[in-house]
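To start, the structure itself, in structure tokens.
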Amino acid sequence: MKRTFIIVLALILLCTSSCDFVRTLAGRPTTAQVEQLRLEQLAAEEARQQARLDSMARVEKQMADSLAALEAHLLDSLSQANGTILNPAKMGGLFTTKLETRYCIVVGAFRGRYYADRKLKACNEAGYKASIISFKNGLMAVAVCPSDDLSETVKTLNQLRGKGVCPPDSWILVNQ
């Protein structure tokens, strides 16, 4: 009888001793409940990640809009001034150099010829067509990327500012 009782008890335990049964008796969540919780946590993490991506996209769009507005403002201010902003006449006029194009980007202005030549060499080595513009007041400006199109010059200036040749305080020279 003892033997039969032990065999029956062992059979009952084998049939009902699944993990879910034991967990239910212990008041713990079952495998299905654990999987559901894991899926909910995964969905919440994906939602947080998508919110971060959306936030980054909004910031990127705001920055692009700000840059476009700044470029439009620069173009407007230059066109409203009819080319008198950054005009060589304001700097005492050109000394000997005759500019062939309407616009160029000035990447440096120097009092000493040595420094102007050094900047000219650096620009040429970086692959930019550079020249020295001499002014009557004694300044020598190193100019790159001559052009007759203002919008092209502004775009080039923005591209060059991210590179080592063009310092952040570079400006556009408008030739009358």
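Ordering of the structure tokens sets the chain letters (A, B, ...), residue numbers begin anew at 1 in every chain, and ligands are numbered from 1 in the order given.
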
Region 102-141 of chain A residues near region 156-170 of chain A within 12 Å, closest pair each, using only C-alpha atoms, as CSV:
```
residue,atom,partner,partner_atom,distance
A:Tyr103,CA,A:Leu157,CA,11.1
A:Cys104,CA,A:Leu157,CA,9.3
A:Ile105,CA,A:Leu157,CA,6.8
A:Val106,CA,A:Ser170,CA,5.7
A:Val107,CA,A:Ser170,CA,4.9
A:Gly108,CA,A:Ser170,CA,6.9
A:Ala109,CA,A:Ser170,CA,9.5
A:Arg118,CA,A:Val165,CA,11.7
A:Lys119,CA,A:Val165,CA,8.5
A:Leu120,CA,A:Val165,CA,10.0
A:Lys121,CA,A:Val165,CA,10.6
A:Ala122,CA,A:Val165,CA,7.2
A:Cys123,CA,A:Val165,CA,6.3
A:Asn124,CA,A:Val165,CA,9.8
A:Glu125,CA,A:Val165,CA,9.8
A:Ala126,CA,A:Val165,CA,7.3
A:Gly127,CA,A:Val165,CA,10.0
A:Tyr128,CA,A:Val165,CA,9.2
A:Ala130,CA,A:Val165,CA,11.1
A:Ala141,CA,A:Ser170,CA,10.7
```

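Going from CA of Ala64 (chain A) over to CA of Val154 (chain A), you cover 15.2 Å.
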
All residues 10 Å or closer to Asp148 (chain A), only C-alpha atoms, same chain fewer than 6 positions away omitted, as a PyMOL selection string
chain A and resi 100-104+174-175

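For the pair CA of Leu99 (chain A) and CA of Ser131 (chain A), the interatomic distance is 9.8 Å.
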
Can you work out which one of A:Ser134, A:Lys155, A:Leu37, A:Lys129 has the shortest atom-to-atom distance to Arg113 (chain A), counting only C-alpha atoms?
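Closest residue, counting only C-alpha atoms: A:Ser134.
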
Selection near Thr31 (chain A), 9 Å with only C-alpha atoms, sequence-local residues under 6 positions removed, as a count of residues only:
3

Of the listed residues A:Ile132, A:Ala32, A:Ala44, A:Leu139, that which approaches Gly112 (chain A) most closely, counting only C-alpha atoms:
A:Leu139

Atom pair CA of Arg38 (chain A) / CA of Asp54 (chain A): separation (Å):
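Between CA of Arg38 (chain A) and CA of Asp54 (chain A) the gap is 24.3 Å.
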